[in-house]
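*Asks:* Just one file: work-v6.cif, with mmCIF, C-alpha atoms and all ligand atoms.
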data_start
#
loop_
_atom_site.label_atom_id
_atom_site.label_comp_id
_atom_site.auth_asym_id
_atom_site.auth_seq_id
_atom_site.Cartn_x
_atom_site.Cartn_y
_atom_site.Cartn_z
CA MET A 586 16.48 -15.59 5.56
CA ASN A 587 18.82 -12.90 6.83
CA THR A 588 22.01 -13.78 8.69
CA LEU A 589 24.63 -11.73 10.54
CA LEU A 590 26.49 -11.47 7.23
CA THR A 591 23.59 -10.32 5.04
CA PRO A 592 23.98 -6.70 3.87
CA LEU A 593 21.25 -4.25 4.86
CA SER A 594 20.11 -1.21 2.88
CA PHE A 595 17.86 1.42 4.44
CA ALA A 596 17.54 5.21 4.55
CA GLY A 597 20.00 5.55 1.68
CA LEU A 598 22.71 3.60 3.55
CA THR A 599 24.16 0.20 2.72
CA LEU A 600 25.66 -1.84 5.55
CA ARG A 601 27.95 -4.67 4.41
CA ASN A 602 26.70 -6.97 7.18
CA ARG A 603 24.75 -6.75 10.47
CA ILE A 604 27.71 -6.24 12.84
CA VAL A 605 27.74 -2.93 14.72
CA MET A 606 30.24 -1.25 17.01
CA PRO A 607 27.98 0.43 19.58
CA PRO A 608 29.02 3.76 21.06
CA MET A 609 31.74 3.28 23.67
CA PHE A 610 33.31 6.24 25.42
CA SER A 611 37.09 6.02 25.04
CA GLY A 612 38.20 8.78 27.41
CA PHE A 613 40.71 9.94 24.79
CA ALA A 614 39.35 13.43 23.91
CA THR A 615 41.10 16.64 24.95
CA PRO A 616 39.59 18.78 27.75
CA ARG A 617 38.09 20.95 24.97
CA GLY A 618 36.28 17.94 23.55
CA GLU A 619 38.54 17.58 20.54
CA VAL A 620 39.14 14.35 18.64
CA THR A 621 42.64 12.93 19.10
CA ASP A 622 44.69 10.44 17.06
CA ARG A 623 43.91 7.76 19.65
CA ILE A 624 40.16 8.24 19.09
CA VAL A 625 40.61 8.00 15.32
CA GLU A 626 42.66 4.82 15.61
CA TYR A 627 40.30 3.23 18.17
CA HIS A 628 37.38 3.50 15.75
CA ARG A 629 39.35 2.88 12.55
CA LEU A 630 40.66 -0.48 13.78
CA ARG A 631 37.15 -1.76 14.51
CA ALA A 632 35.92 -0.56 11.10
CA ALA A 633 38.90 -2.22 9.40
CA ALA A 634 37.92 -5.58 10.95
CA GLY A 635 34.77 -5.60 8.81
CA THR A 636 32.24 -3.99 11.17
CA ALA A 637 29.40 -2.59 9.05
CA LEU A 638 28.34 0.36 11.22
CA VAL A 639 30.47 2.25 13.72
CA ILE A 640 28.50 4.43 16.13
CA VAL A 641 31.01 6.83 17.64
CA GLU A 642 30.94 7.31 21.41
CA HIS A 643 28.68 9.82 23.16
CA THR A 644 29.55 13.35 22.12
CA TYR A 645 28.05 16.32 23.98
CA VAL A 646 25.83 18.69 22.03
CA HIS A 647 26.02 21.53 24.55
CA PRO A 648 28.47 22.35 27.37
CA TRP A 649 25.71 21.80 29.97
CA GLY A 650 25.31 18.25 28.71
CA ARG A 651 28.95 17.30 29.21
CA LEU A 652 29.70 14.31 31.42
CA SER A 653 33.47 14.34 31.71
CA ASP A 654 36.56 16.26 30.66
CA THR A 655 37.82 13.52 28.34
CA GLN A 656 34.55 13.33 26.40
CA MET A 657 34.23 14.37 22.77
CA GLY A 658 32.15 17.45 21.99
CA VAL A 659 30.17 18.56 18.94
CA HIS A 660 28.95 21.83 20.46
CA ASP A 661 31.23 24.14 18.51
CA ASP A 662 32.15 24.61 14.84
CA GLY A 663 35.84 24.50 15.78
CA LEU A 664 35.45 20.78 16.49
CA ILE A 665 34.39 19.93 12.92
CA PRO A 666 37.89 19.35 11.45
CA GLY A 667 38.73 16.70 14.09
CA LEU A 668 35.34 15.05 13.64
CA ALA A 669 35.94 15.04 9.88
CA ARG A 670 39.21 13.12 10.35
CA LEU A 671 37.35 10.56 12.45
CA ALA A 672 34.48 10.13 9.98
CA ALA A 673 36.93 9.79 7.07
CA ALA A 674 38.95 7.11 8.88
CA ILE A 675 35.85 5.00 9.58
CA LYS A 676 34.45 5.41 6.06
CA GLY A 677 37.88 4.75 4.55
CA GLU A 678 37.65 1.23 5.98
CA GLY A 679 34.27 0.60 4.35
CA ALA A 680 32.06 1.10 7.41
CA VAL A 681 29.13 3.48 7.81
CA ALA A 682 30.01 6.25 10.29
CA CYS A 683 27.44 7.50 12.80
CA LEU A 684 27.98 10.03 15.60
CA GLN A 685 26.09 9.65 18.90
CA LEU A 686 24.68 13.01 20.05
CA ALA A 687 24.43 13.18 23.82
CA HIS A 688 23.27 15.36 26.69
CA ALA A 689 23.91 14.06 30.21
CA GLY A 690 21.10 16.07 31.83
CA ALA A 691 20.97 15.34 35.57
CA SER A 692 23.73 12.69 35.37
CA THR A 693 26.62 15.14 35.51
CA THR A 694 28.42 17.32 38.05
CA VAL A 695 29.00 21.00 38.73
CA ALA A 696 32.72 20.30 38.24
CA ALA A 697 32.08 19.08 34.67
CA ILE A 698 29.75 21.87 33.52
CA GLY A 699 30.22 24.86 35.84
CA ARG A 700 26.58 25.00 36.97
CA ALA A 701 23.99 22.73 38.55
CA PRO A 702 23.04 19.91 36.18
CA MET A 703 19.79 20.32 34.29
CA GLY A 704 17.11 17.62 34.56
CA PRO A 705 13.43 17.35 33.71
CA THR A 706 12.67 17.91 37.38
CA ARG A 707 14.58 19.23 40.37
CA MET A 708 16.13 16.00 41.62
CA ARG A 709 19.08 13.79 42.39
CA HIS A 710 19.65 11.09 39.81
CA PRO A 711 18.39 7.82 41.35
CA PHE A 712 21.31 5.73 40.08
CA GLU A 713 24.22 8.13 39.34
CA LYS A 714 25.65 8.49 42.82
CA GLU A 715 28.40 10.88 41.68
CA ALA A 716 25.95 13.31 40.04
CA ASP A 717 25.14 16.62 41.72
CA ALA A 718 21.60 17.79 42.51
CA ALA A 719 19.87 18.93 39.31
CA ASP A 720 17.65 21.94 38.66
CA GLU A 721 14.45 21.67 36.64
CA ALA A 722 15.09 22.76 33.05
CA THR A 723 13.24 25.97 32.20
CA ALA A 724 11.21 26.29 29.00
CA GLY A 725 14.04 28.42 27.59
CA GLU A 726 16.64 25.78 28.45
CA ILE A 727 14.55 23.11 26.73
CA THR A 728 14.35 25.24 23.58
CA LEU A 729 18.10 25.85 23.71
CA THR A 730 18.74 22.11 24.12
CA ILE A 731 16.56 21.20 21.14
CA ARG A 732 18.48 23.74 19.03
CA ALA A 733 21.78 22.35 20.31
CA PHE A 734 20.85 18.88 19.02
CA GLY A 735 19.97 20.39 15.63
CA ASP A 736 23.23 22.36 15.46
CA ALA A 737 25.19 19.27 16.50
CA ALA A 738 23.56 17.13 13.82
CA ALA A 739 24.40 19.77 11.21
CA ARG A 740 28.04 19.75 12.35
CA ALA A 741 28.14 15.95 12.20
CA ARG A 742 26.89 16.01 8.63
CA GLU A 743 29.36 18.74 7.70
CA ALA A 744 32.14 16.59 9.19
CA GLY A 745 31.14 13.77 6.83
CA PHE A 746 29.26 11.44 9.16
CA ASP A 747 26.70 9.28 7.34
CA ALA A 748 24.22 9.39 10.23
CA VAL A 749 23.62 10.66 13.75
CA GLU A 750 22.20 8.84 16.75
CA ILE A 751 20.18 10.66 19.42
CA HIS A 752 21.21 9.27 22.82
CA ALA A 753 17.97 8.57 24.69
CA ALA A 754 19.16 5.75 26.92
CA HIS A 755 21.21 5.02 30.06
CA GLY A 756 19.60 7.58 32.34
CA TYR A 757 20.86 10.65 30.46
CA LEU A 758 18.70 13.69 29.63
CA LEU A 759 16.21 12.11 27.20
CA SER A 760 16.02 8.94 29.27
CA GLN A 761 15.25 11.15 32.30
CA PHE A 762 12.46 12.89 30.37
CA LEU A 763 10.87 9.60 29.26
CA SER A 764 10.88 8.08 32.73
CA PRO A 765 7.87 8.70 35.00
CA LEU A 766 10.26 8.32 37.93
CA THR A 767 12.46 11.30 37.04
CA ASN A 768 10.03 13.44 35.03
CA THR A 769 7.29 14.93 37.18
CA ARG A 770 7.06 18.22 35.26
CA ALA A 771 3.72 19.95 35.16
CA ASP A 772 4.11 21.44 31.66
CA GLU A 773 3.76 19.87 28.20
CA TYR A 774 7.10 18.02 28.65
CA GLY A 775 5.96 16.01 31.68
CA GLY A 776 3.11 13.98 33.08
CA ASN A 777 1.50 11.57 30.63
CA GLU A 778 3.55 9.43 28.27
CA GLN A 779 2.92 11.66 25.23
CA ASN A 780 4.37 14.59 27.15
CA ARG A 781 7.35 12.60 28.45
CA ARG A 782 8.40 11.70 24.91
CA ARG A 783 7.77 15.21 23.53
CA LEU A 784 11.41 16.24 23.87
CA HIS A 785 12.48 13.22 21.79
CA LEU A 786 10.06 14.15 19.04
CA ASP A 787 11.03 17.83 19.19
CA VAL A 788 14.73 16.95 18.91
CA LEU A 789 13.99 14.68 15.94
CA ALA A 790 11.83 17.35 14.30
CA GLU A 791 14.56 19.96 14.80
CA ILE A 792 17.17 17.70 13.19
CA ARG A 793 14.80 16.97 10.31
CA ALA A 794 14.08 20.70 9.89
CA ARG A 795 17.81 21.41 9.76
CA LEU A 796 18.95 18.45 7.66
CA GLY A 797 15.89 17.54 5.59
CA PRO A 798 14.06 14.23 5.26
CA ASP A 799 16.92 12.18 3.85
CA PHE A 800 19.76 12.40 6.37
CA PRO A 801 19.75 9.19 8.46
CA VAL A 802 18.79 9.77 12.11
CA PHE A 803 18.88 6.93 14.65
CA ILE A 804 17.84 6.83 18.29
CA ARG A 805 19.32 4.82 21.15
CA LEU A 806 16.24 4.17 23.23
CA GLY A 807 16.30 3.04 26.82
CA ALA A 808 13.47 0.51 26.71
CA HIS A 809 12.98 -0.17 30.42
CA ASP A 810 14.14 1.37 33.71
CA GLU A 811 14.04 -1.97 35.59
CA THR A 812 12.89 -0.17 38.72
CA PRO A 813 9.52 0.32 40.45
CA GLY A 814 7.76 3.45 39.19
CA GLY A 815 10.14 3.69 36.25
CA LEU A 816 9.72 3.30 32.50
CA GLU A 817 8.03 0.11 31.33
CA LEU A 818 8.39 -1.55 27.94
CA GLU A 819 4.90 -0.51 26.86
CA ASP A 820 5.75 3.22 27.02
CA ALA A 821 8.99 2.56 25.13
CA VAL A 822 7.08 0.72 22.39
CA HIS A 823 4.71 3.69 22.09
CA ALA A 824 7.67 6.08 21.96
CA ALA A 825 9.30 3.99 19.22
CA ILE A 826 6.07 4.04 17.19
CA ALA A 827 5.81 7.84 17.56
CA LEU A 828 9.47 8.28 16.61
CA ALA A 829 9.07 6.05 13.55
CA ALA A 830 6.08 8.16 12.52
CA GLY A 831 8.27 11.24 13.06
CA GLY A 832 10.90 9.92 10.66
CA ILE A 833 13.47 8.04 12.76
CA ASP A 834 15.48 5.65 10.56
CA LEU A 835 16.68 3.09 13.12
CA VAL A 836 15.87 2.20 16.72
CA ASP A 837 18.82 1.04 18.82
CA ILE A 838 17.63 -0.77 21.94
CA SER A 839 19.36 -0.49 25.29
CA GLY A 840 18.51 0.18 28.93
CA GLY A 841 17.01 3.23 30.64
CA LEU A 842 17.80 4.75 34.02
CA GLN A 843 19.97 1.82 35.11
CA GLY A 844 22.21 1.94 32.05
CA SER A 845 23.29 -0.67 29.53
CA ARG A 846 23.88 -3.46 32.05
CA PRO A 847 21.12 -3.48 34.70
CA PRO A 848 21.97 -6.40 37.04
CA VAL A 849 18.47 -7.90 36.95
CA VAL A 850 18.54 -8.01 33.14
CA VAL A 851 22.16 -9.14 32.78
CA ALA A 852 21.17 -12.13 34.92
CA ARG A 853 19.04 -13.30 31.95
CA GLY A 854 22.27 -13.96 30.06
CA PRO A 855 23.87 -12.69 26.83
CA GLY A 856 21.55 -10.79 24.50
CA TRP A 857 19.63 -9.53 27.53
CA PHE A 858 17.72 -6.81 25.66
CA VAL A 859 16.60 -9.09 22.79
CA PRO A 860 13.03 -9.50 24.17
CA TYR A 861 12.66 -5.69 24.19
CA ALA A 862 14.13 -5.37 20.69
CA GLN A 863 11.76 -8.06 19.44
CA ALA A 864 8.72 -6.26 20.92
CA ILE A 865 9.77 -2.96 19.39
CA LYS A 866 10.63 -4.55 16.06
CA ALA A 867 7.10 -5.94 15.91
CA ALA A 868 5.73 -2.40 16.33
CA VAL A 869 7.86 -0.36 13.87
CA ASN A 870 8.91 -0.74 10.26
CA VAL A 871 12.48 0.56 10.62
CA PRO A 872 15.56 -1.56 11.44
CA VAL A 873 16.13 -2.45 15.08
CA LEU A 874 19.60 -2.81 16.58
CA VAL A 875 20.24 -4.63 19.85
CA THR A 876 23.36 -4.73 22.04
CA GLY A 877 24.12 -6.32 25.38
CA GLY A 878 26.27 -9.31 26.21
CA PHE A 879 26.96 -10.58 22.69
CA THR A 880 30.37 -12.20 22.26
CA ASP A 881 29.57 -15.44 20.40
CA PRO A 882 29.13 -14.82 16.64
CA ARG A 883 26.80 -17.81 16.32
CA HIS A 884 24.51 -16.38 18.98
CA ALA A 885 24.42 -13.01 17.19
CA ASP A 886 23.75 -14.79 13.91
CA ARG A 887 20.88 -16.76 15.43
CA VAL A 888 19.13 -13.62 16.72
CA VAL A 889 19.21 -12.13 13.20
CA ARG A 890 18.13 -15.42 11.58
CA GLU A 891 15.19 -15.65 13.96
CA GLY A 892 14.16 -12.13 12.95
CA ARG A 893 14.29 -10.87 16.54
CA ALA A 894 16.54 -7.91 15.61
CA ASP A 895 18.07 -6.62 12.38
CA LEU A 896 21.51 -5.62 13.67
CA ILE A 897 23.72 -6.73 16.56
CA GLY A 898 26.00 -4.46 18.58
CA VAL A 899 29.10 -5.94 20.16
CA GLY A 900 30.52 -3.58 22.76
CA ARG A 901 33.03 -5.02 25.20
CA GLY A 902 33.69 -7.88 22.77
CA MET A 903 35.14 -5.30 20.36
CA LEU A 904 36.74 -3.28 23.13
CA ASN A 905 38.73 -6.35 24.16
CA ASP A 906 39.37 -7.54 20.61
CA ALA A 907 39.49 -4.92 17.85
CA GLY A 908 39.39 -7.77 15.32
CA TRP A 909 36.14 -9.25 16.67
CA ALA A 910 34.27 -8.70 13.40
CA ARG A 911 37.06 -10.28 11.33
CA SER A 912 37.06 -13.47 13.44
CA ALA A 913 33.25 -13.57 13.51
CA ILE A 914 32.99 -13.29 9.73
CA ALA A 915 35.62 -16.02 9.28
CA GLU A 916 33.86 -18.32 11.76
CA LEU A 917 30.45 -17.86 10.16
CA ARG A 918 31.81 -18.33 6.64
CA GLY A 919 33.91 -21.30 7.78
C1 LIG B 1 33.71 1.52 28.26
C2 LIG B 1 32.29 1.68 27.81
C3 LIG B 1 31.86 2.90 27.33
C4 LIG B 1 30.53 3.05 26.90
N1 LIG B 1 30.15 4.25 26.36
C5 LIG B 1 28.90 4.38 25.84
C6 LIG B 1 28.52 5.55 25.14
O1 LIG B 1 29.31 6.46 24.93
N2 LIG B 1 27.24 5.62 24.67
C7 LIG B 1 26.35 4.61 24.83
O2 LIG B 1 25.20 4.72 24.38
N3 LIG B 1 26.70 3.46 25.45
C8 LIG B 1 27.95 3.31 25.94
N4 LIG B 1 28.32 2.12 26.49
C9 LIG B 1 27.39 0.97 26.48
C10 LIG B 1 27.72 0.05 25.29
O3 LIG B 1 27.42 0.69 24.05
C11 LIG B 1 26.92 -1.27 25.36
O4 LIG B 1 25.56 -0.99 25.27
C12 LIG B 1 27.21 -2.05 26.64
O5 LIG B 1 28.60 -2.16 26.87
C13 LIG B 1 26.59 -3.45 26.63
O6 LIG B 1 27.03 -4.15 25.50
P1 LIG B 1 28.22 -5.25 25.56
O7 LIG B 1 27.79 -6.30 26.54
O8 LIG B 1 28.33 -5.75 24.17
O9 LIG B 1 29.46 -4.55 26.03
C14 LIG B 1 29.64 1.97 26.96
C15 LIG B 1 30.08 0.73 27.47
C16 LIG B 1 31.39 0.57 27.88
C17 LIG B 1 31.84 -0.79 28.37
#
Please render this file's structure as structure tokens.
*Replies:*
Amino acid sequence: MNTLLTPLSFAGLTLRNRIVMPPMFSGFATPRGEVTDRIVEYHRLRAAAGTALVIVEHTYVHPWGRLSDTQMGVHDDGLIPGLARLAAAIKGEGAVACLQLAHAGASTTVAAIGRAPMGPTRMRHPFEKEADAADEATAGEITLTIRAFGDAAARAREAGFDAVEIHAAHGYLLSQFLSPLTNTRADEYGGNEQNRRRLHLDVLAEIRARLGPDFPVFIRLGAHDETPGGLELEDAVHAAIALAAGGIDLVDISGGLQGSRPPVVVARGPGWFVPYAQAIKAAVNVPVLVTGGFTDPRHADRVVREGRADLIGVGRGMLNDAGWARSAIAELRG
């Protein structure tokens, strides 16, 4: 039986246990998206505590996908040296280093990107009240975005990251494309569920074409929009199956349009996305990571023991206590 402390090997990676630092925006980047010493130290400390996998905070792949002026970028080769320092610091502490590749789509503002945000459809984001009205992405803009993800993944690998994670959750661009509520396009990227997940598969295929079959590629998948007319679990399960067939190496379960802490789901208590992770785990043969409300190591351990997920992300628990993994390991060994 696997426990929270059992190592996990997959896709050429070996994780020393099942404890993950999920991506958490620090707000410490420069206005040009550069890594700073504070970002390096923020991630290094959590790796040094014994965390097996550190997924670095959302990093924009293209200037139009930027969310804020203190966000890290991976849209330019000039950013590679800073990213390399970050990857080396995480790996130097024995953790696997993954970079989250993000595009905010319709969630952002004209002030952040210098143009109207770009969504699947001309719209206002249903839950991001600060976001400006978005234009519908043209076919050319979709092609450019797919390339930007591929370029970003290549930069991440050059910087020394062990893996990349495609951000397809929390109401950002890919989450907007997957949702029937925000994607009413009439072309091959909208309409039925195959079309709504086409951008995900195209991004994955582009990364695979650039980096080959062996470089680990994860996806953070918003599994449910928790809103009438929005994404339901069934579509997310089908998307996960298609992504696994397309070569994804890990599925990281979180929320869709309403973000990582939808009130109706949080009300279910800690581990609120475990039922979704369990359903997706039953449908794919790649590891499944789940995050959301975990603070008690014994609870995290139980979810792994019960086979409901392979890996557990601890977000705010690690934000508040950089040594969370160290204490958890001691408690479970105790
Ligand atoms: C300050 C903060 C920043 C976050 N930034 C990101 C991010 O960059 N990318 C992402 O996918 N999720 C982000 N999240 C969501 C977390 O990864 C996590 O899913 C969420 O906090 C719920 O898990 P928890 O209850 O363990 O904190 C962020 C959460 C917090 C609190």
*Asks:* For stretch 893-897 of chain A, please output as number ranges by chain all residues within 7 Å (counting all atoms listed in the file; exclusion window: fewer than 3 positions along the same chain).
*Replies:* A: 603-605, 859, 862-863, 866, 872-876, 885, 888-889
*Asks:* Hey, which bits of chain A sit within 7 Å of ligand LIG 1 (chain B), and for each residue what's the closest pair of atoms and how far apart in Å (one decimal), counting all atoms listed in the file, rows by chain and increasing number, as JSON lines?
*Replies:*
{"residue": "A:Pro607", "atom": "CA", "partner": "B:LIG1", "partner_atom": "O3", "distance": 4.5}
{"residue": "A:Pro608", "atom": "CA", "partner": "B:LIG1", "partner_atom": "N2", "distance": 4.4}
{"residue": "A:Met609", "atom": "CA", "partner": "B:LIG1", "partner_atom": "N1", "distance": 3.3}
{"residue": "A:Phe610", "atom": "CA", "partner": "B:LIG1", "partner_atom": "N1", "distance": 3.9}
{"residue": "A:Ser611", "atom": "CA", "partner": "B:LIG1", "partner_atom": "C1", "distance": 6.5}
{"residue": "A:Glu642", "atom": "CA", "partner": "B:LIG1", "partner_atom": "O1", "distance": 4.0}
{"residue": "A:His643", "atom": "CA", "partner": "B:LIG1", "partner_atom": "O1", "distance": 3.8}
{"residue": "A:His752", "atom": "CA", "partner": "B:LIG1", "partner_atom": "O2", "distance": 6.2}
{"residue": "A:Ala754", "atom": "CA", "partner": "B:LIG1", "partner_atom": "O2", "distance": 6.6}
{"residue": "A:His755", "atom": "CA", "partner": "B:LIG1", "partner_atom": "O2", "distance": 6.9}
{"residue": "A:Arg805", "atom": "CA", "partner": "B:LIG1", "partner_atom": "O2", "distance": 6.7}
{"residue": "A:Ser839", "atom": "CA", "partner": "B:LIG1", "partner_atom": "O4", "distance": 6.2}
{"residue": "A:Ser845", "atom": "CA", "partner": "B:LIG1", "partner_atom": "O4", "distance": 4.8}
{"residue": "A:Arg846", "atom": "CA", "partner": "B:LIG1", "partner_atom": "C13", "distance": 6.1}
{"residue": "A:Thr876", "atom": "CA", "partner": "B:LIG1", "partner_atom": "O6", "distance": 5.1}
{"residue": "A:Gly877", "atom": "CA", "partner": "B:LIG1", "partner_atom": "O6", "distance": 3.6}
{"residue": "A:Gly878", "atom": "CA", "partner": "B:LIG1", "partner_atom": "O7", "distance": 3.4}
{"residue": "A:Phe879", "atom": "CA", "partner": "B:LIG1", "partner_atom": "O8", "distance": 5.2}
{"residue": "A:Gly898", "atom": "CA", "partner": "B:LIG1", "partner_atom": "O8", "distance": 6.2}
{"residue": "A:Val899", "atom": "CA", "partner": "B:LIG1", "partner_atom": "O8", "distance": 4.1}
{"residue": "A:Gly900", "atom": "CA", "partner": "B:LIG1", "partner_atom": "O8", "distance": 3.4}
{"residue": "A:Arg901", "atom": "CA", "partner": "B:LIG1", "partner_atom": "O9", "distance": 3.7}
{"residue": "A:Gly902", "atom": "CA", "partner": "B:LIG1", "partner_atom": "O8", "distance": 5.9}
*Asks:* I want to know what sits within 8 Å of A:Asp736, based on all atoms listed in the file, with residues of the same chain fewer than 6 positions away left out; could you give that as JSON, numbers by chain?
*Replies:* {"A": [646, 660, 792, 795]}
*Asks:* From the options A:Ser912, A:Gln656, A:Ser594, A:Asn602, which residue's atoms come nearest to A:Thr621, counting only C-alpha atoms?
*Replies:*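 Of the candidates, the smallest distance to A:Thr621 is held by A:Gln656.
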*Asks:* To one decimal place in Å, what is the distance between atom CA of A:Gly663 and atom CA of A:Ala733?
*Replies:*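 Interatomic distance, atom CA of A:Gly663 to atom CA of A:Ala733: 14.9 Å.
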*Asks:* Using all atoms listed in the file, which of A:Gly745, A:Gly775, A:Gly658, A:Gly756 sits nearest A:Ala672?
*Replies:*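 When distances to A:Ala672 are compared using all atoms listed in the file, the smallest one comes from A:Gly745.
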*Asks:* What does the distance from atom CA of A:His884 to atom CA of A:Ala633 come to in Å, to one decimal?
*Replies:*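 Rounded to one decimal, the two atoms are 22.3 Å apart.
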*Asks:* Mind pulling up the distance from atom CA of A:Gly690 to atom CA of A:Val869?
*Replies:*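 Going from atom CA of A:Val869 over to atom CA of A:Gly690, I get 27.7 Å.
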*Asks:* Starting from the point (41.9, 8.9, 8.0), work out which residues of protein, DNA or RNA have an atom no more than 12 Å away when counting only C-alpha atoms; state them as a PyMOL selection string.
*Replies:* chain A and resi 621-630+632-633+666-679+745
*Asks:* Grab the residues selected above and save them as an mmCIF file, in the coordinates of the input with C-alpha atoms.
*Replies:*
data_model
loop_
_atom_site.group_PDB
_atom_site.id
_atom_site.type_symbol
_atom_site.label_atom_id
_atom_site.label_comp_id
_atom_site.auth_asym_id
_atom_site.auth_seq_id
_atom_site.Cartn_x
_atom_site.Cartn_y
_atom_site.Cartn_z
ATOM 1 C CA THR A 621 42.640 12.930 19.100
ATOM 2 C CA ASP A 622 44.690 10.440 17.060
ATOM 3 C CA ARG A 623 43.910 7.760 19.650
ATOM 4 C CA ILE A 624 40.160 8.240 19.090
ATOM 5 C CA VAL A 625 40.610 8.000 15.320
ATOM 6 C CA GLU A 626 42.660 4.820 15.610
ATOM 7 C CA TYR A 627 40.300 3.230 18.170
ATOM 8 C CA HIS A 628 37.380 3.500 15.750
ATOM 9 C CA ARG A 629 39.350 2.880 12.550
ATOM 10 C CA LEU A 630 40.660 -0.480 13.780
ATOM 11 C CA ALA A 632 35.920 -0.560 11.100
ATOM 12 C CA ALA A 633 38.900 -2.220 9.400
ATOM 13 C CA PRO A 666 37.890 19.350 11.450
ATOM 14 C CA GLY A 667 38.730 16.700 14.090
ATOM 15 C CA LEU A 668 35.340 15.050 13.640
ATOM 16 C CA ALA A 669 35.940 15.040 9.880
ATOM 17 C CA ARG A 670 39.210 13.120 10.350
ATOM 18 C CA LEU A 671 37.350 10.560 12.450
ATOM 19 C CA ALA A 672 34.480 10.130 9.980
ATOM 20 C CA ALA A 673 36.930 9.790 7.070
ATOM 21 C CA ALA A 674 38.950 7.110 8.880
ATOM 22 C CA ILE A 675 35.850 5.000 9.580
ATOM 23 C CA LYS A 676 34.450 5.410 6.060
ATOM 24 C CA GLY A 677 37.880 4.750 4.550
ATOM 25 C CA GLU A 678 37.650 1.230 5.980
ATOM 26 C CA GLY A 679 34.270 0.600 4.350
ATOM 27 C CA GLY A 745 31.140 13.770 6.830
#
*Asks:* For A:Val822, which residue among A:Pro860, A:Pro847, A:Gly612, A:Gly699 is the nearest when counting all atoms listed in the file?
*Replies:*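 Distance minimum relative to A:Val822 lands on A:Pro860.
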*Asks:* Could you check which of A:Gly831, A:Gly854, A:Pro848, A:Gly807 is closest to A:Glu791, using only C-alpha atoms?
*Replies:*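 Among the listed residues, the smallest separation from A:Glu791 belongs to A:Gly831.
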*Asks:* What are the nearest atom pairs, with distances in Å to one decimal, for all residues of stretch 786-877 of chain A that come at most 9 Å from stretch 712-730 of chain A, using all atoms listed in the file, set out by chain and rising residue number as a tab-separated table?
*Replies:*
residue	atom	partner	partner_atom	distance
A:Val788	CA	A:Thr730	CA	8.4
A:Leu842	CA	A:Phe712	CA	7.1
A:Gln843	CA	A:Phe712	CA	6.5
A:Gly844	CA	A:Phe712	CA	8.9
*Asks:* Fewer than 4 positions away in the same chain doesn't count, so skip those; otherwise give me all residues within 8 Å of A:Gly618, counting all atoms listed in the file, as a PyMOL selection string.
*Replies:* chain A and resi 614+654-659+664
*Asks:* Compare A:His823, A:His647, A:Arg617, A:His809 by their minimum atom-to-atom distance to A:Val849, counting all atoms listed in the file, and give me the closest one.
*Replies:*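 Nearest to A:Val849: A:His809.
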*Asks:* Which residue out of A:Met703, A:Leu904, A:Ala748, A:Ala634 has the minimum interatomic distance to A:Gly597 when all atoms listed in the file are used?
*Replies:*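 Between A:Met703, A:Leu904, A:Ala748, A:Ala634, the residue approaching A:Gly597 most closely is A:Ala748.
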*Asks:* At a cut-off of 6 Å from (26.7, 11.0, 23.9) in the coordinates of the file, what residues are picked up using all atoms listed in the file, written as a PyMOL selection string?
*Replies:* chain A and resi 643-645+685-687+752
